[in-house]
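File shown: final_39.tsv. Contents: TSV, N, CA and C atoms.
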chain	number	residue	atom	x	y	z
A	1	MET	N	11.57	63.34	8.66
A	1	MET	CA	11.75	62.45	7.53
A	1	MET	C	11.70	63.30	6.26
A	2	ASN	N	12.71	63.17	5.43
A	2	ASN	CA	12.71	63.99	4.21
A	2	ASN	C	11.87	63.33	3.11
A	3	GLU	N	11.71	64.07	2.02
A	3	GLU	CA	10.82	63.60	0.94
A	3	GLU	C	11.29	62.28	0.34
A	4	ILE	N	12.59	62.13	0.14
A	4	ILE	CA	13.11	60.90	-0.47
A	4	ILE	C	12.84	59.71	0.44
A	5	SER	N	13.01	59.88	1.72
A	5	SER	CA	12.73	58.80	2.67
A	5	SER	C	11.25	58.44	2.66
A	6	MET	N	10.38	59.44	2.58
A	6	MET	CA	8.95	59.18	2.54
A	6	MET	C	8.55	58.43	1.27
A	7	ILE	N	9.12	58.84	0.15
A	7	ILE	CA	8.81	58.18	-1.13
A	7	ILE	C	9.33	56.75	-1.10
A	8	THR	N	10.53	56.57	-0.59
A	8	THR	CA	11.10	55.22	-0.50
A	8	THR	C	10.25	54.32	0.39
A	9	ALA	N	9.79	54.84	1.51
A	9	ALA	CA	8.96	54.07	2.43
A	9	ALA	C	7.62	53.72	1.77
A	10	ALA	N	7.04	54.66	1.05
A	10	ALA	CA	5.77	54.41	0.38
A	10	ALA	C	5.93	53.36	-0.72
A	11	LEU	N	7.00	53.46	-1.49
A	11	LEU	CA	7.24	52.46	-2.54
A	11	LEU	C	7.50	51.09	-1.95
A	12	SER	N	8.20	51.04	-0.85
A	12	SER	CA	8.47	49.77	-0.18
A	12	SER	C	7.17	49.13	0.31
A	13	ALA	N	6.30	49.94	0.88
A	13	ALA	CA	5.02	49.42	1.36
A	13	ALA	C	4.17	48.92	0.20
A	14	GLN	N	4.18	49.66	-0.90
A	14	GLN	CA	3.41	49.24	-2.07
A	14	GLN	C	3.96	47.93	-2.64
A	15	GLN	N	5.28	47.81	-2.71
A	15	GLN	CA	5.91	46.60	-3.22
A	15	GLN	C	5.57	45.40	-2.33
A	16	SER	N	5.59	45.62	-1.03
A	16	SER	CA	5.27	44.55	-0.09
A	16	SER	C	3.83	44.08	-0.28
A	17	ALA	N	2.92	45.02	-0.45
A	17	ALA	CA	1.51	44.67	-0.67
A	17	ALA	C	1.34	43.90	-1.97
A	18	THR	N	2.03	44.33	-3.01
A	18	THR	CA	1.95	43.65	-4.31
A	18	THR	C	2.51	42.24	-4.20
A	19	GLN	N	3.64	42.07	-3.52
A	19	GLN	CA	4.23	40.75	-3.35
A	19	GLN	C	3.30	39.83	-2.57
A	20	THR	N	2.61	40.38	-1.58
A	20	THR	CA	1.66	39.59	-0.80
A	20	THR	C	0.50	39.13	-1.68
A	21	LYS	N	-0.01	40.02	-2.53
A	21	LYS	CA	-1.10	39.66	-3.44
A	21	LYS	C	-0.66	38.56	-4.41
A	22	ILE	N	0.56	38.67	-4.92
A	22	ILE	CA	1.09	37.66	-5.84
A	22	ILE	C	1.23	36.32	-5.12
A	23	ALA	N	1.76	36.33	-3.92
A	23	ALA	CA	1.93	35.10	-3.15
A	23	ALA	C	0.58	34.45	-2.87
A	24	MET	N	-0.42	35.26	-2.55
A	24	MET	CA	-1.75	34.71	-2.28
A	24	MET	C	-2.34	34.09	-3.54
A	25	ALA	N	-2.13	34.72	-4.69
A	25	ALA	CA	-2.65	34.17	-5.94
A	25	ALA	C	-1.97	32.86	-6.29
A	26	VAL	N	-0.67	32.78	-6.05
A	26	VAL	CA	0.07	31.53	-6.32
A	26	VAL	C	-0.44	30.41	-5.42
A	27	LEU	N	-0.63	30.71	-4.13
A	27	LEU	CA	-1.14	29.70	-3.20
A	27	LEU	C	-2.55	29.26	-3.58
A	28	LYS	N	-3.38	30.20	-4.00
A	28	LYS	CA	-4.76	29.87	-4.40
A	28	LYS	C	-4.74	28.94	-5.60
A	29	ASN	N	-3.89	29.23	-6.59
A	29	ASN	CA	-3.80	28.38	-7.78
A	29	ASN	C	-3.29	26.99	-7.41
A	30	ALA	N	-2.31	26.92	-6.51
A	30	ALA	CA	-1.78	25.62	-6.09
A	30	ALA	C	-2.86	24.82	-5.37
A	31	LEU	N	-3.64	25.48	-4.53
A	31	LEU	CA	-4.72	24.80	-3.82
A	31	LEU	C	-5.77	24.29	-4.80
A	32	GLN	N	-6.12	25.10	-5.79
A	32	GLN	CA	-7.11	24.68	-6.77
A	32	GLN	C	-6.59	23.49	-7.59
A	33	ALA	N	-5.32	23.49	-7.92
A	33	ALA	CA	-4.74	22.37	-8.66
A	33	ALA	C	-4.77	21.10	-7.80
A	34	ASP	N	-4.41	21.22	-6.53
A	34	ASP	CA	-4.45	20.08	-5.62
A	34	ASP	C	-5.87	19.53	-5.48
A	35	GLN	N	-6.85	20.44	-5.39
A	35	GLN	CA	-8.24	20.01	-5.26
A	35	GLN	C	-8.70	19.29	-6.52
A	36	ALA	N	-8.28	19.77	-7.68
A	36	ALA	CA	-8.67	19.14	-8.94
A	36	ALA	C	-8.08	17.73	-9.04
A	37	ILE	N	-6.83	17.59	-8.65
A	37	ILE	CA	-6.19	16.26	-8.68
A	37	ILE	C	-6.88	15.32	-7.70
A	38	ALA	N	-7.21	15.81	-6.52
A	38	ALA	CA	-7.90	14.98	-5.53
A	38	ALA	C	-9.27	14.55	-6.05
A	39	GLN	N	-9.96	15.44	-6.73
A	39	GLN	CA	-11.27	15.10	-7.28
A	39	GLN	C	-11.14	14.03	-8.36
A	40	ILE	N	-10.16	14.16	-9.23
A	40	ILE	CA	-9.92	13.16	-10.27
A	40	ILE	C	-9.60	11.81	-9.64
A	41	LEU	N	-8.77	11.83	-8.62
A	41	LEU	CA	-8.40	10.59	-7.93
A	41	LEU	C	-9.63	9.93	-7.30
A	42	MET	N	-10.47	10.74	-6.63
A	42	MET	CA	-11.66	10.18	-5.99
A	42	MET	C	-12.61	9.59	-7.03
A	43	GLU	N	-12.78	10.27	-8.15
A	43	GLU	CA	-13.67	9.76	-9.20
A	43	GLU	C	-13.13	8.47	-9.80
A	44	SER	N	-11.82	8.37	-9.95
A	44	SER	CA	-11.21	7.15	-10.47
A	44	SER	C	-11.43	5.99	-9.52
A	45	ILE	N	-11.28	6.26	-8.22
A	45	ILE	CA	-11.47	5.21	-7.22
A	45	ILE	C	-12.93	4.77	-7.20
A	46	LYS	N	-13.86	5.72	-7.25
A	46	LYS	CA	-15.28	5.39	-7.26
A	46	LYS	C	-15.64	4.55	-8.49
A	47	ALA	N	-14.96	4.80	-9.60
A	47	ALA	CA	-15.24	4.06	-10.84
A	47	ALA	C	-14.60	2.68	-10.82
A	48	GLY	N	-13.84	2.37	-9.77
A	48	GLY	CA	-13.23	1.05	-9.65
A	48	GLY	C	-11.95	0.91	-10.44
A	49	GLU	N	-11.36	2.01	-10.84
A	49	GLU	CA	-10.11	1.96	-11.60
A	49	GLU	C	-8.93	1.70	-10.66
A	50	THR	N	-7.87	1.15	-11.22
A	50	THR	CA	-6.63	0.98	-10.47
A	50	THR	C	-5.85	2.27	-10.58
A	51	VAL	N	-5.49	2.82	-9.44
A	51	VAL	CA	-4.75	4.08	-9.42
A	51	VAL	C	-3.33	3.77	-8.98
A	52	ILE	N	-2.38	4.08	-9.83
A	52	ILE	CA	-0.98	3.80	-9.52
A	52	ILE	C	-0.23	5.12	-9.43
A	53	ASN	N	0.41	5.33	-8.31
A	53	ASN	CA	1.23	6.53	-8.11
A	53	ASN	C	2.69	6.11	-8.26
A	54	SER	N	3.26	6.37	-9.40
A	54	SER	CA	4.66	5.97	-9.63
A	54	SER	C	5.58	7.18	-9.62
A	55	SER	N	5.37	8.03	-8.63
A	55	SER	CA	6.13	9.29	-8.56
A	55	SER	C	7.53	9.12	-8.01
A	56	GLY	N	7.86	7.96	-7.47
A	56	GLY	CA	9.21	7.78	-6.97
A	56	GLY	C	9.23	6.92	-5.73
A	57	SER	N	10.39	6.82	-5.13
A	57	SER	CA	10.54	5.98	-3.94
A	57	SER	C	9.68	6.51	-2.82
A	58	GLY	N	9.13	5.59	-2.05
A	58	GLY	CA	8.29	5.98	-0.93
A	58	GLY	C	6.87	6.26	-1.33
A	59	SER	N	6.56	6.12	-2.61
A	59	SER	CA	5.20	6.37	-3.03
A	59	SER	C	4.32	5.18	-2.72
A	60	ILE	N	3.05	5.41	-2.65
A	60	ILE	CA	2.09	4.35	-2.33
A	60	ILE	C	1.21	4.14	-3.56
A	61	ASP	N	1.09	2.89	-3.98
A	61	ASP	CA	0.21	2.55	-5.08
A	61	ASP	C	-1.14	2.16	-4.50
A	62	LEU	N	-2.20	2.69	-5.08
A	62	LEU	CA	-3.55	2.38	-4.60
A	62	LEU	C	-4.23	1.49	-5.62
A	63	TYR	N	-4.71	0.37	-5.16
A	63	TYR	CA	-5.45	-0.55	-6.02
A	63	TYR	C	-6.87	-0.66	-5.48
A	64	VAL	N	-7.82	-0.38	-6.31
A	64	VAL	CA	-9.24	-0.41	-5.88
A	64	VAL	C	-9.96	-1.41	-6.73
Rewrite the structure from the file as structure tokens, please.
Amino acid sequence: MNEISMITAALSAQQSATQTKIAMAVLKNALQADQAIAQILMESIKAGETVINSSGSGSIDLYV
């Protein structure tokens, strides 16, 4: 394997690792956002509020 091939392989491995870290951070942020929304929803239901999901067809409205 010549030097250029070794450098290319090393850069490719580094890029792959960086992309994996970015993907993991994006998934973590999405999970945290979902958890925050779920917590808000649960608190609203516990408080006896009417929760309406008007996000589109097929959505379910929750009345408590």
Practice prompt. Tell me, in Å to one decimal, how far atom CA of A:Val26 is from atom CA of A:Met42.
Written response: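 Distance between the two atoms: 24.4 Å.
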What does the structure give for the distance between atom CA of A:Thr20 and atom C of A:Ala38, in Å to one decimal?
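According to the coordinates, atom CA of A:Thr20 and atom C of A:Ala38 are separated by 27.8 Å.
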To one decimal in Å, tell me the separation between atom CA of A:Asn29 and atom C of A:Glu43.
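Separating atom CA of A:Asn29 from atom C of A:Glu43 is a distance of 22.1 Å.
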Taking the partial coordinates given, rebuild stretch 17-35 of chain A to contain N, CA, C and O atoms; return it as a PDB file, in the coordinates of the input.
ATOM      1  N   ALA A  17       2.920  45.020  -0.450  1.00  0.00           N
ATOM      2  CA  ALA A  17       1.510  44.670  -0.670  1.00  0.00           C
ATOM      3  C   ALA A  17       1.340  43.900  -1.970  1.00  0.00           C
ATOM      4  O   ALA A  17       0.601  42.917  -2.034  1.00  0.00           O
ATOM      5  N   THR A  18       2.030  44.330  -3.010  1.00  0.00           N
ATOM      6  CA  THR A  18       1.950  43.650  -4.310  1.00  0.00           C
ATOM      7  C   THR A  18       2.510  42.240  -4.200  1.00  0.00           C
ATOM      8  O   THR A  18       1.922  41.281  -4.727  1.00  0.00           O
ATOM      9  N   GLN A  19       3.640  42.070  -3.520  1.00  0.00           N
ATOM     10  CA  GLN A  19       4.230  40.750  -3.350  1.00  0.00           C
ATOM     11  C   GLN A  19       3.300  39.830  -2.570  1.00  0.00           C
ATOM     12  O   GLN A  19       3.187  38.646  -2.864  1.00  0.00           O
ATOM     13  N   THR A  20       2.610  40.380  -1.580  1.00  0.00           N
ATOM     14  CA  THR A  20       1.660  39.590  -0.800  1.00  0.00           C
ATOM     15  C   THR A  20       0.500  39.130  -1.680  1.00  0.00           C
ATOM     16  O   THR A  20       0.076  37.974  -1.617  1.00  0.00           O
ATOM     17  N   LYS A  21      -0.010  40.020  -2.530  1.00  0.00           N
ATOM     18  CA  LYS A  21      -1.100  39.660  -3.440  1.00  0.00           C
ATOM     19  C   LYS A  21      -0.660  38.560  -4.410  1.00  0.00           C
ATOM     20  O   LYS A  21      -1.408  37.627  -4.682  1.00  0.00           O
ATOM     21  N   ILE A  22       0.560  38.670  -4.920  1.00  0.00           N
ATOM     22  CA  ILE A  22       1.090  37.660  -5.840  1.00  0.00           C
ATOM     23  C   ILE A  22       1.230  36.320  -5.120  1.00  0.00           C
ATOM     24  O   ILE A  22       0.830  35.282  -5.650  1.00  0.00           O
ATOM     25  N   ALA A  23       1.760  36.330  -3.920  1.00  0.00           N
ATOM     26  CA  ALA A  23       1.930  35.100  -3.150  1.00  0.00           C
ATOM     27  C   ALA A  23       0.580  34.450  -2.870  1.00  0.00           C
ATOM     28  O   ALA A  23       0.437  33.227  -2.961  1.00  0.00           O
ATOM     29  N   MET A  24      -0.420  35.260  -2.550  1.00  0.00           N
ATOM     30  CA  MET A  24      -1.750  34.710  -2.280  1.00  0.00           C
ATOM     31  C   MET A  24      -2.340  34.090  -3.540  1.00  0.00           C
ATOM     32  O   MET A  24      -2.987  33.031  -3.483  1.00  0.00           O
ATOM     33  N   ALA A  25      -2.130  34.720  -4.690  1.00  0.00           N
ATOM     34  CA  ALA A  25      -2.650  34.170  -5.940  1.00  0.00           C
ATOM     35  C   ALA A  25      -1.970  32.860  -6.290  1.00  0.00           C
ATOM     36  O   ALA A  25      -2.625  31.913  -6.734  1.00  0.00           O
ATOM     37  N   VAL A  26      -0.670  32.780  -6.050  1.00  0.00           N
ATOM     38  CA  VAL A  26       0.070  31.530  -6.320  1.00  0.00           C
ATOM     39  C   VAL A  26      -0.440  30.410  -5.420  1.00  0.00           C
ATOM     40  O   VAL A  26      -0.684  29.292  -5.866  1.00  0.00           O
ATOM     41  N   LEU A  27      -0.630  30.710  -4.130  1.00  0.00           N
ATOM     42  CA  LEU A  27      -1.140  29.700  -3.200  1.00  0.00           C
ATOM     43  C   LEU A  27      -2.550  29.260  -3.580  1.00  0.00           C
ATOM     44  O   LEU A  27      -2.883  28.076  -3.493  1.00  0.00           O
ATOM     45  N   LYS A  28      -3.380  30.200  -4.000  1.00  0.00           N
ATOM     46  CA  LYS A  28      -4.760  29.870  -4.400  1.00  0.00           C
ATOM     47  C   LYS A  28      -4.740  28.940  -5.600  1.00  0.00           C
ATOM     48  O   LYS A  28      -5.483  27.955  -5.641  1.00  0.00           O
ATOM     49  N   ASN A  29      -3.890  29.230  -6.590  1.00  0.00           N
ATOM     50  CA  ASN A  29      -3.800  28.380  -7.780  1.00  0.00           C
ATOM     51  C   ASN A  29      -3.290  26.990  -7.410  1.00  0.00           C
ATOM     52  O   ASN A  29      -3.762  25.996  -7.948  1.00  0.00           O
ATOM     53  N   ALA A  30      -2.310  26.920  -6.510  1.00  0.00           N
ATOM     54  CA  ALA A  30      -1.780  25.620  -6.090  1.00  0.00           C
ATOM     55  C   ALA A  30      -2.860  24.820  -5.370  1.00  0.00           C
ATOM     56  O   ALA A  30      -2.999  23.608  -5.593  1.00  0.00           O
ATOM     57  N   LEU A  31      -3.640  25.480  -4.530  1.00  0.00           N
ATOM     58  CA  LEU A  31      -4.720  24.800  -3.820  1.00  0.00           C
ATOM     59  C   LEU A  31      -5.770  24.290  -4.800  1.00  0.00           C
ATOM     60  O   LEU A  31      -6.239  23.154  -4.686  1.00  0.00           O
ATOM     61  N   GLN A  32      -6.120  25.100  -5.790  1.00  0.00           N
ATOM     62  CA  GLN A  32      -7.110  24.680  -6.770  1.00  0.00           C
ATOM     63  C   GLN A  32      -6.590  23.490  -7.590  1.00  0.00           C
ATOM     64  O   GLN A  32      -7.362  22.564  -7.880  1.00  0.00           O
ATOM     65  N   ALA A  33      -5.320  23.490  -7.920  1.00  0.00           N
ATOM     66  CA  ALA A  33      -4.740  22.370  -8.660  1.00  0.00           C
ATOM     67  C   ALA A  33      -4.770  21.100  -7.800  1.00  0.00           C
ATOM     68  O   ALA A  33      -5.124  20.020  -8.289  1.00  0.00           O
ATOM     69  N   ASP A  34      -4.410  21.220  -6.530  1.00  0.00           N
ATOM     70  CA  ASP A  34      -4.450  20.080  -5.620  1.00  0.00           C
ATOM     71  C   ASP A  34      -5.870  19.530  -5.480  1.00  0.00           C
ATOM     72  O   ASP A  34      -6.090  18.324  -5.468  1.00  0.00           O
ATOM     73  N   GLN A  35      -6.850  20.440  -5.390  1.00  0.00           N
ATOM     74  CA  GLN A  35      -8.240  20.010  -5.260  1.00  0.00           C
ATOM     75  C   GLN A  35      -8.700  19.290  -6.520  1.00  0.00           C
ATOM     76  O   GLN A  35      -9.438  18.301  -6.449  1.00  0.00           O
TER      77      GLN A  35
END
